[in-house]
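A.B. asks: Quick one: the structure is below, and I'll ask about it shortly.
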Amino acid sequence: MAMLNRVHLNGLRAVETVARLGSLSAAAGELNVSASAVSQQINRTERQLGRALFDRTASGLVLTEFGTVFATRLGAGFRELAAAMALAEEATECTLVVSVAPAFASKWLLPRLSSHFDRHPNVLLRVDASVRVADLDRSDIDIAIRLGDGKWPNAHAELLLALEVFPVCAPVIARKLKSIEDLAQTCAITDERSMINWESWFEAACVKPVTFQKGARFTDPMLCLESAIAGHGVMLGWQLLTADALADGRLVAPFGIRAQSGLGYWLVTSPTRTESRKVRDFKTWIREEIETTMTQFGSLEPAN
């Protein structure tokens with residue numbers, strides 16, 4: 001392999017292309033350079049090898065006996081290189097990179113990925129679970145799911161689901177809540193980094209805000225959710241974060257009142273890239289899953 005360092009790769013490409021196509025002009029067309037440049041590359045390669053590869057005749061370049069053997073080996077080598085590049089391209093084409101926040105990935109997306117695998121078995125899904133806002137023009141991320149108002153620079157955003165907020169708690173806590181005023185006897189579980197607040201929910205409920213007992217504070221919505229499930233108090237949740245815990249009874253939404261938050265989950269793609277089939281298929285799939293979740297969610301309203 002060290003011998004390859006003695007010969008420039010472009011020169012080897014020129015030799016292989018002329019040998020395969022039979023002329024300088026045809027090789028120049030494939031390599032997108034001038035015939036003179038191809039000739040210079042061949043001359044330099046012959047000097048580096050110390051062997052003549054072509055005889056210069058009136059009708060053009062003709063392979064020498066050594067050149068014929070050499071070009072045959074080169075052709076096999078470049079075919080292997082082309083196959084390796086095709087593998088890389090195929091891997092890129094068949095890999096879908098999705099950027100999502102860890103809470104969305106863990107509490108809603110991952111439990112539903114099996115249906116995407118079944119529908120699109122040739123697509124390898126890679127989830128980039130991060131709260132950072134990725135630059136979709138300068139990364140390998142194909143699509144992002146972001147929580148916010150949809151106004152991000154240099155991004156094409158499509159609303160996936162408007163965020164509605166509402167109190168959730170463990171059943172043991174819910175049994176003590178006969179009215180909204182009873183919230184004053186409970187602890188509030190707080191996400192210190194949350195973009196939502198209780199004021200909007202109390203306004204939707206048409207009651208004055210209550211003062212909660214002091215409760216646990218976290219910097220991650222998943223920890224808030226687990227704290228609520230453990231019965232530590234009441235948290236302000238939203239559809240996709242709490243859907244599965246509400247469905248299996250670990251949590252209860254005691255008052256059946258939801259408030260619009262002004263935020264939403266958005267499907268975000270690069271405005272400069274052509275949208276691929278794998279991205280379009282993912283959009284279709286996730287919208288269907290959201291619809292299914294919301295249909296189930298609508299049946300979870302409490303009786304009171």
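By convention here, the chains of the structure tokens are called A, B, ... in the order presented, each chain's residues are numbered starting at 1, and ligands are numbered starting at 1 in the order presented.
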Skip Ala19 (chain A) itself and residues of its chain fewer than 6 positions away, then list as a PyMOL selection string all residues within 10 Å of it, counting only C-alpha atoms.
C.D. replies: chain A and resi 13+27+53-54+61-63+67-68+70-72+74-75
A.B. asks: Looking only at strand (DSSP E or B) from DSSP on the backbone, list the matching residues of region 178-270 of chain A as an MDAnalysis selection string.
C.D. replies: chainID A and resid 187:191 213 217:218 234:238 252 259:269
A.B. asks: Could you check the closest approach to Asp142 (chain A) for each of A:Glu30, A:Glu181, A:Glu288, A:Asp128 and tell me which residue wins, using only C-alpha atoms?
C.D. replies: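 Closest residue, counting only C-alpha atoms: A:Asp128.
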A.B. asks: Work out how far apart CA of Phe255 (chain A) and CA of Ala105 (chain A) are and give it in Å to one decimal.
C.D. replies: 27.3 Å
A.B. asks: Could you pull out the helix (DSSP H, G or I) residues of region 74-223 of chain A, going by DSSP on the backbone, and write them as JSON, numbers by chain?
C.D. replies: {"A": [74, 75, 76, 77, 78, 79, 80, 81, 82, 83, 84, 85, 86, 87, 88, 89, 90, 91, 92, 93, 102, 103, 104, 105, 106, 107, 108, 109, 110, 111, 112, 113, 114, 115, 116, 117, 118, 119, 171, 172, 173, 174, 180, 181, 182, 183, 184, 185, 198, 199, 200, 201, 202, 203, 204, 221, 222, 223]}
A.B. asks: List the neighbours of Asn197 (chain A) out to 12 Å using only C-alpha atoms; skip same-chain residues closer than 2 positions along the sequence, and give me the result as a short mmCIF file (atom, residue, chain, number, x, y, z; two decimals) with N, CA and C atoms, in the first residue's frame.
C.D. replies:
data_model
loop_
_atom_site.label_atom_id
_atom_site.label_comp_id
_atom_site.auth_asym_id
_atom_site.auth_seq_id
_atom_site.Cartn_x
_atom_site.Cartn_y
_atom_site.Cartn_z
N GLU A 164 -51.40 21.63 24.21
CA GLU A 164 -52.40 21.95 25.21
C GLU A 164 -51.88 21.50 26.58
N VAL A 165 -52.08 22.33 27.59
CA VAL A 165 -51.55 22.03 28.92
C VAL A 165 -52.69 21.79 29.90
N PHE A 166 -52.41 20.95 30.91
CA PHE A 166 -53.44 20.57 31.88
C PHE A 166 -52.77 19.88 33.06
N PRO A 167 -53.39 19.91 34.25
CA PRO A 167 -52.79 19.25 35.42
C PRO A 167 -52.89 17.74 35.29
N ALA A 188 -46.90 21.42 43.94
CA ALA A 188 -46.67 21.59 42.51
C ALA A 188 -45.30 21.04 42.15
N ILE A 189 -45.27 20.20 41.14
CA ILE A 189 -44.01 19.69 40.60
C ILE A 189 -43.60 20.61 39.45
N THR A 190 -42.44 21.19 39.53
CA THR A 190 -42.06 22.27 38.62
C THR A 190 -40.87 21.90 37.75
N ASP A 191 -41.01 22.18 36.46
CA ASP A 191 -39.89 22.09 35.52
C ASP A 191 -39.32 23.49 35.39
N GLU A 192 -38.13 23.70 35.92
CA GLU A 192 -37.55 25.04 35.95
C GLU A 192 -37.21 25.59 34.58
N ARG A 193 -37.13 24.73 33.58
CA ARG A 193 -36.79 25.18 32.23
C ARG A 193 -37.99 25.19 31.29
N SER A 194 -39.16 25.00 31.84
CA SER A 194 -40.35 24.87 31.00
C SER A 194 -40.74 26.20 30.35
N MET A 195 -41.33 26.10 29.16
CA MET A 195 -41.84 27.28 28.46
C MET A 195 -43.32 27.49 28.73
N GLU A 199 -50.58 29.89 34.78
CA GLU A 199 -51.52 31.01 34.62
C GLU A 199 -52.48 30.78 33.46
N SER A 200 -51.94 30.27 32.33
CA SER A 200 -52.80 30.06 31.16
C SER A 200 -53.86 29.00 31.45
N TRP A 201 -53.52 28.00 32.27
CA TRP A 201 -54.51 26.98 32.56
C TRP A 201 -55.59 27.51 33.50
N PHE A 202 -55.22 28.23 34.53
CA PHE A 202 -56.23 28.80 35.43
C PHE A 202 -57.14 29.76 34.67
N GLU A 203 -56.59 30.48 33.72
CA GLU A 203 -57.41 31.39 32.91
C GLU A 203 -58.41 30.60 32.08
N PRO A 209 -55.89 31.87 40.12
CA PRO A 209 -54.79 30.94 40.41
C PRO A 209 -54.73 30.63 41.90
N MET A 235 -48.39 18.09 38.37
CA MET A 235 -47.57 18.81 37.39
C MET A 235 -48.44 19.30 36.25
N LEU A 236 -47.98 20.31 35.58
CA LEU A 236 -48.65 20.82 34.39
C LEU A 236 -48.07 20.06 33.19
N GLY A 237 -48.88 19.17 32.63
CA GLY A 237 -48.40 18.34 31.54
C GLY A 237 -49.01 18.73 30.22
N TRP A 238 -48.67 17.95 29.18
CA TRP A 238 -49.25 18.17 27.85
C TRP A 238 -49.42 16.82 27.17
N ALA A 259 -55.72 23.98 28.23
CA ALA A 259 -55.46 25.36 27.83
C ALA A 259 -54.48 25.38 26.67
N GLN A 260 -54.74 26.23 25.71
CA GLN A 260 -53.79 26.41 24.62
C GLN A 260 -52.55 27.14 25.17
N SER A 261 -51.40 26.65 24.80
CA SER A 261 -50.15 27.22 25.32
C SER A 261 -49.52 28.25 24.39
N GLY A 262 -49.99 28.27 23.13
CA GLY A 262 -49.34 29.12 22.14
C GLY A 262 -48.11 28.48 21.52
N LEU A 263 -47.80 27.26 21.98
CA LEU A 263 -46.65 26.52 21.46
C LEU A 263 -47.15 25.29 20.71
#
A.B. asks: Measuring atom to atom with only C-alpha atoms, identify which of A:Cys187, A:Leu225, A:Ala144, A:Leu21 is nearest to Ala243 (chain A).
C.D. replies: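 Once distances to Ala243 (chain A) are computed over only C-alpha atoms, the minimum belongs to A:Leu225.
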A.B. asks: For Ser270 (chain A), list every protein, DNA or RNA residue within 8 Å, evaluated using only C-alpha atoms, and leave out those in the same chain fewer than 4 positions away; present the list as an NGL selection string.
C.D. replies: :A and (136-137 or 142-143 or 154-156)
A.B. asks: So which one's closest to Ser179 (chain A), A:Leu240, A:Ala204, A:Leu267, A:Val210? Using only C-alpha atoms, please.
C.D. replies: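 Closest candidate: A:Val210.
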A.B. asks: Extract, using only C-alpha atoms, all DNA, RNA and protein residues at most 10 Å from Leu246 (chain A), discarding same-chain residues fewer than 2 positions from it, and format them as a list in words.
C.D. replies: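 So, after excluding close chain neighbours, the residues are Val168, Cys169, Ala170, Ile229, Gln239, Leu241, Thr242, Ala243, Asp244, Asp248, Gly249, Arg250, Leu251, Val252, Ala253, Gln296, Phe297, Leu300 and Glu301 of chain A.
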A.B. asks: With C-alpha atoms retained, write the just-selected residues as a short mmCIF file (atom, residue, chain, number, x, y, z; two decimals), in the first residue's frame.
C.D. replies:
data_model
loop_
_atom_site.label_atom_id
_atom_site.label_comp_id
_atom_site.auth_asym_id
_atom_site.auth_seq_id
_atom_site.Cartn_x
_atom_site.Cartn_y
_atom_site.Cartn_z
CA VAL A 168 -51.87 15.58 35.85
CA CYS A 169 -51.21 13.56 38.98
CA ALA A 170 -51.24 10.03 40.34
CA ILE A 229 -46.35 9.20 38.70
CA GLN A 239 -50.56 15.61 25.41
CA LEU A 241 -45.55 13.78 27.32
CA THR A 242 -48.37 12.27 29.38
CA ALA A 243 -50.40 10.26 26.83
CA ASP A 244 -49.08 6.80 27.68
CA ASP A 248 -52.35 2.97 31.39
CA GLY A 249 -53.68 4.68 34.51
CA ARG A 250 -50.41 5.77 36.08
CA LEU A 251 -51.61 9.36 35.78
CA VAL A 252 -54.98 11.08 35.84
CA ALA A 253 -56.01 14.45 34.35
CA GLN A 296 -57.03 7.71 22.34
CA PHE A 297 -56.28 10.83 24.36
CA LEU A 300 -59.42 9.76 28.63
CA GLU A 301 -61.50 12.70 29.86
#
A.B. asks: Neighbours of Asn43 (chain A) within 12 Å (only C-alpha atoms; same-chain residues fewer than 6 positions away dropped), as a list in words?
C.D. replies: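 Neighbouring residues, sequence-local ones excluded: Val7, His8, Asn10, Gly11, Leu12, Ala14, Val15, Ser36, Ala37, Leu49, Gly50, Arg51, Ala52, Leu53, Phe54, Asp55, Arg56 and Leu61 of chain A.
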A.B. asks: Based on the selection just made, write all heavy atoms of those residues as a tab-separated table (two decimals), in the first residue's frame.
C.D. replies:
chain	number	residue	atom	x	y	z
A	7	VAL	N	2.50	7.51	-6.54
A	7	VAL	CA	1.76	7.81	-7.77
A	7	VAL	C	0.49	8.58	-7.42
A	7	VAL	O	-0.24	8.21	-6.50
A	7	VAL	CB	1.38	6.51	-8.51
A	7	VAL	CG1	0.67	6.84	-9.82
A	7	VAL	CG2	2.61	5.67	-8.76
A	8	HIS	N	0.25	9.65	-8.17
A	8	HIS	CA	-0.93	10.48	-7.92
A	8	HIS	C	-2.18	9.75	-8.39
A	8	HIS	O	-2.21	9.18	-9.49
A	8	HIS	CB	-0.78	11.82	-8.65
A	8	HIS	CG	-1.68	12.89	-8.10
A	8	HIS	ND1	-3.00	12.96	-8.42
A	8	HIS	CD2	-1.42	13.91	-7.24
A	8	HIS	CE1	-3.54	14.00	-7.80
A	8	HIS	NE2	-2.60	14.59	-7.08
A	10	ASN	N	-5.03	10.90	-9.43
A	10	ASN	CA	-5.61	11.45	-10.67
A	10	ASN	C	-4.92	10.87	-11.90
A	10	ASN	O	-5.56	10.67	-12.94
A	10	ASN	CB	-5.51	12.97	-10.67
A	10	ASN	CG	-6.54	13.61	-9.75
A	10	ASN	OD1	-7.50	12.96	-9.35
A	10	ASN	ND2	-6.33	14.87	-9.42
A	11	GLY	N	-3.62	10.61	-11.78
A	11	GLY	CA	-2.90	10.01	-12.90
A	11	GLY	C	-3.37	8.60	-13.17
A	11	GLY	O	-3.54	8.18	-14.32
A	12	LEU	N	-3.60	7.84	-12.11
A	12	LEU	CA	-4.10	6.48	-12.27
A	12	LEU	C	-5.50	6.48	-12.87
A	12	LEU	O	-5.83	5.62	-13.70
A	12	LEU	CB	-4.10	5.76	-10.92
A	12	LEU	CG	-2.73	5.53	-10.27
A	12	LEU	CD1	-2.89	4.86	-8.91
A	12	LEU	CD2	-1.82	4.69	-11.18
A	14	ALA	N	-6.62	8.71	-14.91
A	14	ALA	CA	-6.45	9.05	-16.33
A	14	ALA	C	-6.04	7.83	-17.13
A	14	ALA	O	-6.57	7.57	-18.22
A	14	ALA	CB	-5.42	10.17	-16.47
A	15	VAL	N	-5.09	7.05	-16.60
A	15	VAL	CA	-4.64	5.84	-17.30
A	15	VAL	C	-5.79	4.86	-17.46
A	15	VAL	O	-6.04	4.33	-18.56
A	15	VAL	CB	-3.48	5.17	-16.52
A	15	VAL	CG1	-3.17	3.80	-17.10
A	15	VAL	CG2	-2.25	6.06	-16.53
A	36	SER	N	-5.55	17.62	-23.18
A	36	SER	CA	-4.17	17.94	-22.84
A	36	SER	C	-3.88	17.60	-21.38
A	36	SER	O	-2.81	17.07	-21.06
A	36	SER	CB	-3.90	19.43	-23.09
A	36	SER	OG	-2.61	19.79	-22.65
A	37	ALA	N	-4.84	17.88	-20.49
A	37	ALA	CA	-4.65	17.57	-19.07
A	37	ALA	C	-4.56	16.07	-18.85
A	37	ALA	O	-3.74	15.60	-18.04
A	37	ALA	CB	-5.80	18.16	-18.25
A	49	LEU	N	6.18	5.76	-12.46
A	49	LEU	CA	6.31	4.31	-12.49
A	49	LEU	C	7.64	3.86	-13.08
A	49	LEU	O	8.12	2.75	-12.81
A	49	LEU	CB	5.17	3.69	-13.32
A	49	LEU	CG	3.75	3.81	-12.75
A	49	LEU	CD1	2.73	3.33	-13.77
A	49	LEU	CD2	3.61	3.02	-11.46
A	50	GLY	N	8.21	4.71	-13.93
A	50	GLY	CA	9.43	4.33	-14.63
A	50	GLY	C	9.17	3.31	-15.73
A	50	GLY	O	10.10	2.60	-16.16
A	51	ARG	N	7.94	3.24	-16.22
A	51	ARG	CA	7.56	2.30	-17.28
A	51	ARG	C	6.60	3.00	-18.23
A	51	ARG	O	5.77	3.81	-17.83
A	51	ARG	CB	6.85	1.07	-16.69
A	51	ARG	CG	7.66	0.26	-15.71
A	51	ARG	CD	8.75	-0.54	-16.40
A	51	ARG	NE	8.20	-1.52	-17.32
A	51	ARG	CZ	7.91	-2.78	-16.96
A	51	ARG	NH1	8.08	-3.18	-15.70
A	51	ARG	NH2	7.46	-3.64	-17.86
A	52	ALA	N	6.70	2.68	-19.50
A	52	ALA	CA	5.76	3.19	-20.49
A	52	ALA	C	4.47	2.39	-20.44
A	52	ALA	O	4.50	1.14	-20.41
A	52	ALA	CB	6.36	3.13	-21.89
A	53	LEU	N	3.36	3.09	-20.42
A	53	LEU	CA	2.05	2.43	-20.41
A	53	LEU	C	1.39	2.45	-21.78
A	53	LEU	O	0.55	1.58	-22.09
A	53	LEU	CB	1.14	3.12	-19.39
A	53	LEU	CG	1.62	3.08	-17.93
A	53	LEU	CD1	0.73	3.96	-17.06
A	53	LEU	CD2	1.62	1.65	-17.41
A	54	PHE	N	1.72	3.45	-22.57
A	54	PHE	CA	1.13	3.60	-23.90
A	54	PHE	C	2.22	3.84	-24.94
A	54	PHE	O	3.23	4.50	-24.65
A	54	PHE	CB	0.17	4.79	-23.94
A	54	PHE	CG	-1.05	4.64	-23.07
A	54	PHE	CD1	-1.05	5.10	-21.76
A	54	PHE	CD2	-2.21	4.04	-23.56
A	54	PHE	CE1	-2.16	4.98	-20.96
A	54	PHE	CE2	-3.33	3.91	-22.76
A	54	PHE	CZ	-3.31	4.37	-21.44
A	55	ASP	N	2.01	3.33	-26.14
A	55	ASP	CA	2.81	3.72	-27.30
A	55	ASP	C	2.08	4.85	-27.99
A	55	ASP	O	0.83	4.81	-28.15
A	55	ASP	CB	2.97	2.53	-28.26
A	55	ASP	CG	3.92	1.48	-27.71
A	55	ASP	OD1	4.88	1.86	-27.01
A	55	ASP	OD2	3.67	0.29	-27.98
A	56	ARG	N	2.79	5.89	-28.37
A	56	ARG	CA	2.21	7.02	-29.09
A	56	ARG	C	2.28	6.70	-30.59
A	56	ARG	O	3.37	6.60	-31.15
A	56	ARG	CB	2.96	8.30	-28.80
A	56	ARG	CG	2.55	9.00	-27.50
A	56	ARG	CD	2.95	8.22	-26.26
A	56	ARG	NE	2.66	8.95	-25.01
A	56	ARG	CZ	2.74	8.43	-23.82
A	56	ARG	NH1	3.11	7.16	-23.68
A	56	ARG	NH2	2.46	9.15	-22.77
A	61	LEU	N	-3.14	6.73	-28.72
A	61	LEU	CA	-2.44	5.97	-27.70
A	61	LEU	C	-2.83	4.50	-27.78
A	61	LEU	O	-4.02	4.16	-27.87
A	61	LEU	CB	-2.77	6.50	-26.31
A	61	LEU	CG	-2.34	7.94	-25.99
A	61	LEU	CD1	-2.74	8.32	-24.57
A	61	LEU	CD2	-0.84	8.11	-26.18
A.B. asks: Applying 10 Å and only C-alpha atoms, which residues near Leu109 (chain A) remain after dropping the ones on its own chain fewer than 2 positions away? List them as an mmCIF file with N, CA, C and O atoms, in the first residue's frame.
C.D. replies:
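Saved the output as result29.cif:
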data_model
loop_
_atom_site.group_PDB
_atom_site.id
_atom_site.type_symbol
_atom_site.label_atom_id
_atom_site.label_comp_id
_atom_site.auth_asym_id
_atom_site.auth_seq_id
_atom_site.Cartn_x
_atom_site.Cartn_y
_atom_site.Cartn_z
ATOM 1 N N VAL A 100 -34.619 15.180 17.913
ATOM 2 C CA VAL A 100 -35.755 15.387 18.818
ATOM 3 C C VAL A 100 -35.232 15.650 20.224
ATOM 4 O O VAL A 100 -34.110 15.265 20.564
ATOM 5 N N PRO A 102 -34.955 14.872 24.167
ATOM 6 C CA PRO A 102 -34.973 13.572 24.860
ATOM 7 C C PRO A 102 -36.339 13.202 25.432
ATOM 8 O O PRO A 102 -36.720 12.028 25.382
ATOM 9 N N ALA A 103 -37.078 14.163 25.970
ATOM 10 C CA ALA A 103 -38.384 13.846 26.560
ATOM 11 C C ALA A 103 -39.351 13.343 25.499
ATOM 12 O O ALA A 103 -40.082 12.369 25.705
ATOM 13 N N PHE A 104 -39.369 13.986 24.328
ATOM 14 C CA PHE A 104 -40.234 13.549 23.241
ATOM 15 C C PHE A 104 -39.824 12.166 22.760
ATOM 16 O O PHE A 104 -40.664 11.295 22.524
ATOM 17 N N ALA A 105 -38.501 11.968 22.615
ATOM 18 C CA ALA A 105 -37.997 10.682 22.138
ATOM 19 C C ALA A 105 -38.362 9.559 23.104
ATOM 20 O O ALA A 105 -38.858 8.502 22.698
ATOM 21 N N SER A 106 -38.137 9.772 24.393
ATOM 22 C CA SER A 106 -38.319 8.721 25.386
ATOM 23 C C SER A 106 -39.786 8.417 25.668
ATOM 24 O O SER A 106 -40.181 7.251 25.725
ATOM 25 N N LYS A 107 -40.596 9.456 25.842
ATOM 26 C CA LYS A 107 -41.958 9.269 26.330
ATOM 27 C C LYS A 107 -42.993 9.067 25.241
ATOM 28 O O LYS A 107 -44.093 8.585 25.519
ATOM 29 N N PRO A 111 -41.614 4.362 21.924
ATOM 30 C CA PRO A 111 -42.577 3.258 22.013
ATOM 31 C C PRO A 111 -43.339 2.988 20.714
ATOM 32 O O PRO A 111 -43.982 1.948 20.592
ATOM 33 N N ARG A 112 -43.256 3.909 19.746
ATOM 34 C CA ARG A 112 -44.042 3.775 18.517
ATOM 35 C C ARG A 112 -43.189 3.488 17.278
ATOM 36 O O ARG A 112 -43.722 3.357 16.179
ATOM 37 N N LEU A 113 -41.888 3.394 17.457
ATOM 38 C CA LEU A 113 -41.005 3.243 16.304
ATOM 39 C C LEU A 113 -41.156 1.906 15.593
ATOM 40 O O LEU A 113 -40.832 1.789 14.415
ATOM 41 N N SER A 114 -41.637 0.890 16.278
ATOM 42 C CA SER A 114 -41.773 -0.422 15.637
ATOM 43 C C SER A 114 -42.632 -0.348 14.387
ATOM 44 O O SER A 114 -42.354 -1.023 13.382
ATOM 45 N N VAL A 127 -31.842 8.413 15.749
ATOM 46 C CA VAL A 127 -32.449 9.487 16.534
ATOM 47 C C VAL A 127 -31.357 10.268 17.254
ATOM 48 O O VAL A 127 -30.597 9.705 18.046
ATOM 49 N N LEU A 240 -48.472 14.773 24.452
ATOM 50 C CA LEU A 240 -47.551 13.698 24.097
ATOM 51 C C LEU A 240 -46.662 13.263 25.251
ATOM 52 O O LEU A 240 -46.244 12.111 25.306
ATOM 53 N N LEU A 241 -46.371 14.155 26.172
ATOM 54 C CA LEU A 241 -45.554 13.776 27.318
ATOM 55 C C LEU A 241 -46.306 12.812 28.230
ATOM 56 O O LEU A 241 -45.716 11.885 28.792
ATOM 57 N N ILE A 286 -45.592 9.851 11.066
ATOM 58 C CA ILE A 286 -45.714 10.472 12.385
ATOM 59 C C ILE A 286 -47.040 11.210 12.521
ATOM 60 O O ILE A 286 -47.632 11.249 13.615
ATOM 61 N N GLU A 289 -49.481 8.585 13.497
ATOM 62 C CA GLU A 289 -49.304 8.188 14.894
ATOM 63 C C GLU A 289 -49.843 9.252 15.848
ATOM 64 O O GLU A 289 -50.439 8.936 16.886
ATOM 65 N N ILE A 290 -49.625 10.524 15.499
ATOM 66 C CA ILE A 290 -50.166 11.614 16.323
ATOM 67 C C ILE A 290 -51.684 11.547 16.338
ATOM 68 O O ILE A 290 -52.324 11.691 17.401
#
A.B. asks: Using only C-alpha atoms, can you tell me which of A:Arg47, A:Met294, A:Val279, A:Ala58 comes closest to Ala162 (chain A)?
C.D. replies: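 With only C-alpha atoms as the atom set, the closest residue is A:Met294.
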A.B. asks: My list of candidates is A:Ala216, A:Met222, A:Leu160, A:Ala174. Which is closest to Thr284 (chain A) when distances are computed with only C-alpha atoms?
C.D. replies: A:Leu160
A.B. asks: For Phe78 (chain A), which residue among A:Thr17, A:Ser139, A:Ser25, A:Ser99 is the nearest when counting only C-alpha atoms?
C.D. replies: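 Among the listed residues, the smallest separation from Phe78 (chain A) belongs to A:Thr17.
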